[in-house]
>>> print(open('run_3.pdb').read())   # PDB, C-alpha atoms, pLDDT in the B column
ATOM      1  CA  MET A   1     150.110 210.373 154.789  1.00 62.00           C
ATOM      2  CA  TYR A   2     151.604 210.070 151.319  1.00 72.00           C
ATOM      3  CA  ASN A   3     150.986 206.311 151.132  1.00 92.00           C
ATOM      4  CA  TRP A   4     147.192 206.526 151.455  1.00 92.00           C
ATOM      5  CA  LEU A   5     147.097 209.581 149.175  1.00 95.00           C
ATOM      6  CA  TYR A   6     148.994 207.664 146.496  1.00 96.00           C
ATOM      7  CA  THR A   7     147.091 204.383 147.022  1.00 96.00           C
ATOM      8  CA  ILE A   8     143.577 205.827 147.129  1.00 97.00           C
ATOM      9  CA  ILE A   9     143.776 208.910 144.889  1.00 97.00           C
ATOM     10  CA  ILE A  10     146.922 209.398 142.803  1.00 97.00           C
ATOM     11  CA  TYR A  11     147.555 205.855 141.531  1.00 97.00           C
ATOM     12  CA  PRO A  12     143.888 205.111 140.703  1.00 98.00           C
ATOM     13  CA  VAL A  13     143.729 208.323 138.622  1.00 98.00           C
ATOM     14  CA  ILE A  14     146.938 207.383 136.782  1.00 98.00           C
ATOM     15  CA  PHE A  15     145.566 203.884 136.245  1.00 98.00           C
ATOM     16  CA  ILE A  16     142.161 204.968 134.886  1.00 98.00           C
ATOM     17  CA  LEU A  17     143.357 207.937 132.808  1.00 98.00           C
ATOM     18  CA  PRO A  18     143.390 205.966 129.516  1.00 98.00           C
ATOM     19  CA  ALA A  19     139.713 205.086 130.068  1.00 98.00           C
ATOM     20  CA  TYR A  20     138.759 208.675 130.882  1.00 98.00           C
ATOM     21  CA  VAL A  21     140.499 209.941 127.748  1.00 98.00           C
ATOM     22  CA  ALA A  22     139.035 207.119 125.632  1.00 98.00           C
ATOM     23  CA  ASN A  23     135.570 207.980 126.929  1.00 96.00           C
ATOM     24  CA  GLY A  24     135.892 211.707 126.201  1.00 94.00           C
ATOM     25  CA  ALA A  25     137.631 211.595 122.819  1.00 96.00           C
ATOM     26  CA  PRO A  26     134.518 210.680 120.768  1.00 95.00           C
ATOM     27  CA  VAL A  27     132.766 213.852 121.922  1.00 90.00           C
ATOM     28  CA  ILE A  28     135.583 215.884 120.381  1.00 91.00           C
ATOM     29  CA  PHE A  29     136.558 213.755 117.362  1.00 92.00           C
ATOM     30  CA  GLY A  30     133.373 211.875 116.477  1.00 84.00           C
ATOM     31  CA  LYS A  31     131.283 214.727 115.068  1.00 81.00           C
ATOM     32  CA  GLY A  32     130.234 214.468 111.432  1.00 79.00           C
ATOM     33  CA  SER A  33     131.023 210.776 111.178  1.00 83.00           C
ATOM     34  CA  ARG A  34     128.643 208.028 110.131  1.00 89.00           C
ATOM     35  CA  PRO A  35     126.845 206.216 112.937  1.00 90.00           C
ATOM     36  CA  LEU A  36     128.251 202.823 113.881  1.00 91.00           C
ATOM     37  CA  THR A  37     125.021 201.181 112.818  1.00 90.00           C
ATOM     38  CA  GLY A  38     121.513 201.987 111.741  1.00 87.00           C
ATOM     39  CA  ALA A  39     120.326 198.512 112.665  1.00 92.00           C
ATOM     40  CA  THR A  40     117.391 197.822 114.910  1.00 90.00           C
ATOM     41  CA  PHE A  41     116.672 195.145 117.487  1.00 93.00           C
ATOM     42  CA  ARG A  42     113.082 194.348 118.397  1.00 92.00           C
ATOM     43  CA  GLY A  43     111.996 197.402 116.434  1.00 90.00           C
ATOM     44  CA  ARG A  44     114.232 199.802 118.321  1.00 92.00           C
ATOM     45  CA  PRO A  45     117.574 201.299 117.307  1.00 91.00           C
ATOM     46  CA  LEU A  46     120.540 199.156 118.278  1.00 91.00           C
ATOM     47  CA  LEU A  47     122.571 202.219 119.369  1.00 92.00           C
ATOM     48  CA  GLY A  48     122.127 205.959 119.504  1.00 87.00           C
ATOM     49  CA  ARG A  49     122.982 207.922 116.344  1.00 87.00           C
ATOM     50  CA  HIS A  50     125.750 209.755 118.249  1.00 88.00           C
ATOM     51  CA  LYS A  51     127.787 206.529 118.469  1.00 92.00           C
ATOM     52  CA  THR A  52     129.973 207.012 115.407  1.00 94.00           C
ATOM     53  CA  ARG A  53     132.734 205.138 113.643  1.00 94.00           C
ATOM     54  CA  ARG A  54     135.179 208.007 113.966  1.00 95.00           C
ATOM     55  CA  GLY A  55     134.280 208.471 117.640  1.00 95.00           C
ATOM     56  CA  LEU A  56     134.915 204.801 118.389  1.00 97.00           C
ATOM     57  CA  ALA A  57     138.240 204.800 116.520  1.00 97.00           C
ATOM     58  CA  ALA A  58     139.330 208.094 118.115  1.00 97.00           C
ATOM     59  CA  GLY A  59     138.413 206.899 121.588  1.00 97.00           C
ATOM     60  CA  ILE A  60     140.301 203.630 121.302  1.00 98.00           C
ATOM     61  CA  CYS A  61     143.352 205.334 119.778  1.00 98.00           C
ATOM     62  CA  ALA A  62     143.344 208.081 122.418  1.00 98.00           C
ATOM     63  CA  GLY A  63     143.198 205.572 125.270  1.00 98.00           C
ATOM     64  CA  ILE A  64     146.044 203.545 123.801  1.00 98.00           C
ATOM     65  CA  ILE A  65     148.169 206.664 123.305  1.00 98.00           C
ATOM     66  CA  VAL A  66     147.671 207.719 126.930  1.00 98.00           C
ATOM     67  CA  GLY A  67     148.523 204.196 128.098  1.00 98.00           C
ATOM     68  CA  TYR A  68     151.665 204.241 125.947  1.00 98.00           C
ATOM     69  CA  LEU A  69     152.761 207.616 127.336  1.00 98.00           C
ATOM     70  CA  GLU A  70     152.193 206.407 130.889  1.00 98.00           C
ATOM     71  CA  SER A  71     154.172 203.224 130.124  1.00 98.00           C
ATOM     72  CA  LEU A  72     157.256 205.351 129.484  1.00 98.00           C
ATOM     73  CA  ALA A  73     157.440 206.279 133.182  1.00 98.00           C
ATOM     74  CA  PRO A  74     159.716 204.038 135.264  1.00 97.00           C
ATOM     75  CA  GLY A  75     157.765 201.200 136.853  1.00 95.00           C
ATOM     76  CA  PHE A  76     154.715 201.695 134.650  1.00 97.00           C
ATOM     77  CA  GLY A  77     155.653 199.526 131.672  1.00 96.00           C
ATOM     78  CA  TYR A  78     152.368 197.611 131.975  1.00 97.00           C
ATOM     79  CA  MET A  79     150.318 200.743 131.277  1.00 98.00           C
ATOM     80  CA  LEU A  80     150.365 200.191 127.514  1.00 98.00           C
ATOM     81  CA  ALA A  81     148.447 196.944 128.055  1.00 97.00           C
ATOM     82  CA  VAL A  82     146.201 198.727 130.544  1.00 98.00           C
ATOM     83  CA  GLY A  83     145.561 201.512 128.034  1.00 98.00           C
ATOM     84  CA  MET A  84     144.639 199.010 125.344  1.00 98.00           C
ATOM     85  CA  THR A  85     142.247 197.011 127.515  1.00 98.00           C
ATOM     86  CA  GLU A  86     140.724 200.088 129.141  1.00 98.00           C
ATOM     87  CA  ALA A  87     140.136 201.763 125.765  1.00 98.00           C
ATOM     88  CA  VAL A  88     138.301 198.724 124.421  1.00 98.00           C
ATOM     89  CA  GLY A  89     136.455 198.085 127.702  1.00 98.00           C
ATOM     90  CA  THR A  90     135.418 201.732 127.911  1.00 98.00           C
ATOM     91  CA  HIS A  91     133.735 201.598 124.547  1.00 97.00           C
ATOM     92  CA  PHE A  92     132.195 198.199 125.152  1.00 98.00           C
ATOM     93  CA  GLY A  93     130.596 199.598 128.321  1.00 97.00           C
ATOM     94  CA  ASP A  94     129.514 202.815 126.626  1.00 95.00           C
ATOM     95  CA  LEU A  95     127.949 200.948 123.699  1.00 96.00           C
ATOM     96  CA  LEU A  96     126.257 198.495 126.062  1.00 96.00           C
ATOM     97  CA  GLY A  97     124.782 201.430 127.993  1.00 94.00           C
ATOM     98  CA  SER A  98     123.529 202.977 124.750  1.00 93.00           C
ATOM     99  CA  PHE A  99     122.018 199.646 123.687  1.00 95.00           C
ATOM    100  CA  MET A 100     120.254 199.249 127.041  1.00 95.00           C
ATOM    101  CA  LYS A 101     118.852 202.781 126.865  1.00 94.00           C
ATOM    102  CA  ARG A 102     117.551 202.299 123.301  1.00 93.00           C
ATOM    103  CA  GLN A 103     115.976 198.953 124.178  1.00 94.00           C
ATOM    104  CA  ALA A 104     114.301 200.489 127.224  1.00 94.00           C
ATOM    105  CA  GLY A 105     112.764 203.092 124.923  1.00 93.00           C
ATOM    106  CA  VAL A 106     114.758 206.022 126.279  1.00 93.00           C
ATOM    107  CA  GLN A 107     114.923 208.748 123.652  1.00 87.00           C
ATOM    108  CA  GLU A 108     118.331 209.997 122.532  1.00 83.00           C
ATOM    109  CA  GLY A 109     119.543 212.888 124.615  1.00 81.00           C
ATOM    110  CA  HIS A 110     117.558 211.871 127.686  1.00 87.00           C
ATOM    111  CA  GLN A 111     119.493 211.293 130.872  1.00 88.00           C
ATOM    112  CA  VAL A 112     119.555 207.951 132.676  1.00 92.00           C
ATOM    113  CA  PRO A 113     121.559 208.197 135.906  1.00 89.00           C
ATOM    114  CA  VAL A 114     124.052 205.359 136.441  1.00 91.00           C
ATOM    115  CA  LEU A 115     123.721 204.118 132.826  1.00 90.00           C
ATOM    116  CA  ASP A 116     125.167 207.411 131.589  1.00 89.00           C
ATOM    117  CA  GLN A 117     128.102 207.455 134.018  1.00 91.00           C
ATOM    118  CA  TYR A 118     129.273 204.009 134.993  1.00 96.00           C
ATOM    119  CA  PRO A 119     129.241 201.316 132.267  1.00 97.00           C
ATOM    120  CA  PHE A 120     132.393 202.736 130.660  1.00 97.00           C
ATOM    121  CA  LEU A 121     134.233 202.694 133.994  1.00 98.00           C
ATOM    122  CA  ALA A 122     132.999 199.270 135.068  1.00 98.00           C
ATOM    123  CA  PHE A 123     133.954 197.606 131.799  1.00 98.00           C
ATOM    124  CA  ALA A 124     137.298 199.406 131.595  1.00 98.00           C
ATOM    125  CA  LEU A 125     138.118 197.881 134.988  1.00 98.00           C
ATOM    126  CA  ILE A 126     136.710 194.448 134.103  1.00 98.00           C
ATOM    127  CA  PHE A 127     138.619 194.271 130.812  1.00 98.00           C
ATOM    128  CA  THR A 128     141.811 195.210 132.674  1.00 97.00           C
ATOM    129  CA  LEU A 129     141.539 192.463 135.314  1.00 96.00           C
ATOM    130  CA  PRO A 130     143.561 189.871 133.315  1.00 95.00           C
ATOM    131  CA  ILE A 131     146.573 192.207 133.361  1.00 94.00           C
ATOM    132  CA  TYR A 132     146.579 191.910 137.140  1.00 91.00           C
ATOM    133  CA  ALA A 133     147.557 188.248 136.737  1.00 89.00           C
ATOM    134  CA  TYR A 134     150.750 189.298 134.958  1.00 91.00           C
ATOM    135  CA  TYR A 135     151.435 192.405 137.024  1.00 93.00           C
ATOM    136  CA  PRO A 136     150.320 191.759 140.619  1.00 90.00           C
ATOM    137  CA  GLY A 137     149.787 194.972 142.493  1.00 89.00           C
ATOM    138  CA  SER A 138     148.934 196.906 139.347  1.00 94.00           C
ATOM    139  CA  PHE A 139     145.185 197.057 140.000  1.00 96.00           C
ATOM    140  CA  PRO A 140     143.967 199.848 142.305  1.00 97.00           C
ATOM    141  CA  SER A 141     142.910 198.997 145.850  1.00 95.00           C
ATOM    142  CA  VAL A 142     139.243 198.615 146.790  1.00 96.00           C
ATOM    143  CA  TYR A 143     139.334 202.122 148.259  1.00 97.00           C
ATOM    144  CA  GLY A 144     140.927 203.379 145.051  1.00 97.00           C
ATOM    145  CA  ILE A 145     138.094 201.825 143.025  1.00 98.00           C
ATOM    146  CA  ILE A 146     135.508 203.426 145.314  1.00 98.00           C
ATOM    147  CA  PHE A 147     137.287 206.752 144.851  1.00 98.00           C
ATOM    148  CA  LEU A 148     137.175 206.288 141.051  1.00 98.00           C
ATOM    149  CA  PHE A 149     133.416 205.722 141.101  1.00 97.00           C
ATOM    150  CA  MET A 150     132.935 208.900 143.156  1.00 97.00           C
ATOM    151  CA  LEU A 151     135.367 210.859 140.960  1.00 98.00           C
ATOM    152  CA  THR A 152     133.636 209.605 137.816  1.00 97.00           C
ATOM    153  CA  TRP A 153     130.286 210.932 139.030  1.00 95.00           C
ATOM    154  CA  VAL A 154     131.800 214.386 139.618  1.00 96.00           C
ATOM    155  CA  MET A 155     133.922 214.396 136.444  1.00 95.00           C
ATOM    156  CA  HIS A 156     131.014 213.214 134.308  1.00 93.00           C
ATOM    157  CA  ARG A 157     128.845 216.089 135.479  1.00 91.00           C
ATOM    158  CA  LEU A 158     131.570 218.737 135.145  1.00 94.00           C
ATOM    159  CA  THR A 159     132.985 217.653 131.775  1.00 92.00           C
ATOM    160  CA  ASN A 160     129.554 217.254 130.195  1.00 89.00           C
ATOM    161  CA  LEU A 161     128.427 220.631 131.482  1.00 92.00           C
ATOM    162  CA  GLY A 162     131.631 222.180 130.106  1.00 91.00           C
ATOM    163  CA  ALA A 163     131.238 220.430 126.738  1.00 88.00           C
ATOM    164  CA  HIS A 164     127.647 221.659 126.541  1.00 87.00           C
ATOM    165  CA  ARG A 165     128.651 225.243 127.310  1.00 92.00           C
ATOM    166  CA  LEU A 166     131.368 225.017 124.640  1.00 91.00           C
ATOM    167  CA  LYS A 167     128.668 223.703 122.260  1.00 88.00           C
ATOM    168  CA  ILE A 168     130.515 220.404 121.782  1.00 86.00           C
ATOM    169  CA  LYS A 169     127.556 218.466 123.234  1.00 84.00           C
ATOM    170  CA  GLU A 170     123.869 219.081 122.661  1.00 83.00           C
ATOM    171  CA  VAL A 171     122.854 218.252 126.239  1.00 83.00           C
ATOM    172  CA  PRO A 172     124.592 219.059 129.540  1.00 81.00           C
ATOM    173  CA  TRP A 173     124.663 215.409 130.665  1.00 76.00           C
TER
END
>>> encode(input="run_3.pdb", output="structure tokens")
Amino acid sequence: MYNWLYTIIIYPVIFILPAYVANGAPVIFGKGSRPLTGATFRGRPLLGRHKTRRGLAAGICAGIIVGYLESLAPGFGYMLAVGMTEAVGTHFGDLLGSFMKRQAGVQEGHQVPVLDQYPFLAFALIFTLPIYAYYPGSFPSVYGIIFLFMLTWVMHRLTNLGAHRLKIKEVPW
């Protein structure tokens, strides 16, 4: 019983934790900072105004710190590299999602299912794939990845609702 629990639930959560922290940190630390860019593309904003310099820096630093802390555990030395790649991949995916929403004409603060939840996770995993070449067995199983996509849907809804109720976020999604 423990083997499937570890393989499908526990290890994938340990593995993706730097990305989750990197994704959430800008909500807490990015307020009051200048937007990343005010540029436009085809007459539309490049990114939403809530994508800030401080938020990006805080998110990347937070993900790396979590990866470093996890790397201190025996057998998890590779997690610093995972934390670094996940932190960068997380923000690449998040910014890409914001870009796609702005180019589609979606107003800031409006919800777009899938684009709001998954680009950060997908790109965190994609950016981490090269580490697998150096540390075989470090990447979660297919079932672990499926679990992470389901967990992300639930966590995204709960954390955003909580942040909205705490008045950290303007909208509950």
>>> residues_around(input="run_3.pdb", residues="region 115-129 of chain A", least_positions_apart="6", cutoff="10 Å", atoms="only C-alpha atoms", output="VMD selection string")
chain A and resid 15 to 16 18 to 20 22 to 23 81 to 98 100 to 101 138 to 140 145 148 to 149 152 to 157 173
>>> write_last_selection(input="run_3.pdb", atoms="C-alpha atoms", output="PDB file, in the frame of the given file")
ATOM      1  CA  PHE A  15     145.566 203.884 136.245  1.00 98.00           C
ATOM      2  CA  ILE A  16     142.161 204.968 134.886  1.00 98.00           C
ATOM      3  CA  PRO A  18     143.390 205.966 129.516  1.00 98.00           C
ATOM      4  CA  ALA A  19     139.713 205.086 130.068  1.00 98.00           C
ATOM      5  CA  TYR A  20     138.759 208.675 130.882  1.00 98.00           C
ATOM      6  CA  ALA A  22     139.035 207.119 125.632  1.00 98.00           C
ATOM      7  CA  ASN A  23     135.570 207.980 126.929  1.00 96.00           C
ATOM      8  CA  ALA A  81     148.447 196.944 128.055  1.00 97.00           C
ATOM      9  CA  VAL A  82     146.201 198.727 130.544  1.00 98.00           C
ATOM     10  CA  GLY A  83     145.561 201.512 128.034  1.00 98.00           C
ATOM     11  CA  MET A  84     144.639 199.010 125.344  1.00 98.00           C
ATOM     12  CA  THR A  85     142.247 197.011 127.515  1.00 98.00           C
ATOM     13  CA  GLU A  86     140.724 200.088 129.141  1.00 98.00           C
ATOM     14  CA  ALA A  87     140.136 201.763 125.765  1.00 98.00           C
ATOM     15  CA  VAL A  88     138.301 198.724 124.421  1.00 98.00           C
ATOM     16  CA  GLY A  89     136.455 198.085 127.702  1.00 98.00           C
ATOM     17  CA  THR A  90     135.418 201.732 127.911  1.00 98.00           C
ATOM     18  CA  HIS A  91     133.735 201.598 124.547  1.00 97.00           C
ATOM     19  CA  PHE A  92     132.195 198.199 125.152  1.00 98.00           C
ATOM     20  CA  GLY A  93     130.596 199.598 128.321  1.00 97.00           C
ATOM     21  CA  ASP A  94     129.514 202.815 126.626  1.00 95.00           C
ATOM     22  CA  LEU A  95     127.949 200.948 123.699  1.00 96.00           C
ATOM     23  CA  LEU A  96     126.257 198.495 126.062  1.00 96.00           C
ATOM     24  CA  GLY A  97     124.782 201.430 127.993  1.00 94.00           C
ATOM     25  CA  SER A  98     123.529 202.977 124.750  1.00 93.00           C
ATOM     26  CA  MET A 100     120.254 199.249 127.041  1.00 95.00           C
ATOM     27  CA  LYS A 101     118.852 202.781 126.865  1.00 94.00           C
ATOM     28  CA  SER A 138     148.934 196.906 139.347  1.00 94.00           C
ATOM     29  CA  PHE A 139     145.185 197.057 140.000  1.00 96.00           C
ATOM     30  CA  PRO A 140     143.967 199.848 142.305  1.00 97.00           C
ATOM     31  CA  ILE A 145     138.094 201.825 143.025  1.00 98.00           C
ATOM     32  CA  LEU A 148     137.175 206.288 141.051  1.00 98.00           C
ATOM     33  CA  PHE A 149     133.416 205.722 141.101  1.00 97.00           C
ATOM     34  CA  THR A 152     133.636 209.605 137.816  1.00 97.00           C
ATOM     35  CA  TRP A 153     130.286 210.932 139.030  1.00 95.00           C
ATOM     36  CA  VAL A 154     131.800 214.386 139.618  1.00 96.00           C
ATOM     37  CA  MET A 155     133.922 214.396 136.444  1.00 95.00           C
ATOM     38  CA  HIS A 156     131.014 213.214 134.308  1.00 93.00           C
ATOM     39  CA  ARG A 157     128.845 216.089 135.479  1.00 91.00           C
ATOM     40  CA  TRP A 173     124.663 215.409 130.665  1.00 76.00           C
TER      41      TRP A 173
END
>>> closest_residue(input="run_3.pdb", among="A:Tyr2, A:Tyr132, A:His110, A:Ala62", to="Gly24 (chain A)", atoms="only C-alpha atoms")
A:Ala62
>>> closest_residue(input="run_3.pdb", among="A:Asn160, A:Ser141, A:Gln103, A:Ser71", to="Arg44 (chain A)", atoms="only C-alpha atoms")
A:Gln103
>>> residues_around(input="run_3.pdb", residues="Thr37 (chain A)", least_positions_apart="4", cutoff="9 Å", atoms="only C-alpha atoms", output="list in words")
Pro45, Leu46, Leu47, Gly48, Arg49, Lys51, Thr52 and Arg53 of chain A
>>> atom_distance(input="run_3.pdb", atom1="CA of Val27 (chain A)", atom2="CA of Val13 (chain A)")
20.7 Å
>>> atom_distance(input="run_3.pdb", atom1="CA of Ile28 (chain A)", atom2="CA of Gly67 (chain A)")
19.1 Å
>>> atom_distance(input="run_3.pdb", atom1="CA of Val142 (chain A)", atom2="CA of Tyr11 (chain A)")
12.2 Å
>>> closest_residue(input="run_3.pdb", among="A:Thr159, A:Thr7, A:Ser33, A:Gln107", to="Ala58 (chain A)", atoms="only C-alpha atoms")
A:Ser33
>>> resolve_selection(input="run_3.pdb", expression="the PyMOL selection byres ((chain A and resi 168) around 12)", output="list of chain:residue names")
A:Gly24, A:Ala25, A:Pro26, A:Val27, A:Ile28, A:Phe29, A:Gly30, A:Lys31, A:Gly32, A:Thr159, A:Asn160, A:Leu161, A:Gly162, A:Ala163, A:His164, A:Arg165, A:Leu166, A:Lys167, A:Lys169, A:Glu170, A:Val171, A:Pro172, A:Trp173
>>> decode(input="run_3.pdb", residues="region 5-53 of chain A", atoms="C-alpha atoms", output="compact mmCIF listing (two decimals), in the first residue's frame")
# COMPACT_ATOMS: atom_id res chain seq x y z
CA LEU A 5 0.77 6.06 -1.99
CA TYR A 6 4.35 7.32 -2.21
CA THR A 7 4.60 6.93 -6.01
CA ILE A 8 1.27 8.51 -6.93
CA ILE A 9 0.68 11.07 -4.16
CA ILE A 10 3.54 11.80 -1.76
CA TYR A 11 6.51 11.96 -4.14
CA PRO A 12 4.70 14.00 -6.84
CA VAL A 13 3.71 16.58 -4.19
CA ILE A 14 7.30 16.78 -2.92
CA PHE A 15 8.52 17.08 -6.50
CA ILE A 16 6.11 19.86 -7.53
CA LEU A 17 6.21 21.86 -4.28
CA PRO A 18 8.77 24.39 -5.60
CA ALA A 19 6.42 25.17 -8.51
CA TYR A 20 3.39 25.55 -6.25
CA VAL A 21 5.29 27.93 -3.97
CA ALA A 22 6.75 29.83 -6.94
CA ASN A 23 3.26 30.21 -8.39
CA GLY A 24 1.73 31.49 -5.14
CA ALA A 25 4.49 33.82 -3.96
CA PRO A 26 3.71 36.69 -6.37
CA VAL A 27 0.20 37.00 -4.94
CA ILE A 28 1.73 37.68 -1.53
CA PHE A 29 4.92 39.57 -2.44
CA GLY A 30 4.11 41.23 -5.76
CA LYS A 31 1.66 43.90 -4.59
CA GLY A 32 2.65 47.52 -5.14
CA SER A 33 5.38 46.68 -7.63
CA ARG A 34 5.69 48.00 -11.16
CA PRO A 35 4.20 45.82 -13.89
CA LEU A 36 6.67 43.73 -15.86
CA THR A 37 5.77 45.62 -19.01
CA GLY A 38 3.32 48.13 -20.34
CA ALA A 39 4.02 47.06 -23.91
CA THR A 40 1.35 46.06 -26.36
CA PHE A 41 1.20 43.49 -29.13
CA ARG A 42 -1.28 43.92 -31.96
CA GLY A 43 -2.89 46.74 -29.99
CA ARG A 44 -3.48 44.65 -26.89
CA PRO A 45 -1.51 44.55 -23.64
CA LEU A 46 1.35 42.08 -23.69
CA LEU A 47 0.60 40.92 -20.11
CA GLY A 48 -1.86 41.74 -17.37
CA ARG A 49 -0.96 44.64 -15.05
CA HIS A 50 -0.87 42.21 -12.09
CA LYS A 51 2.27 40.56 -13.50
CA THR A 52 4.89 42.54 -11.59
CA ARG A 53 8.65 42.65 -11.34
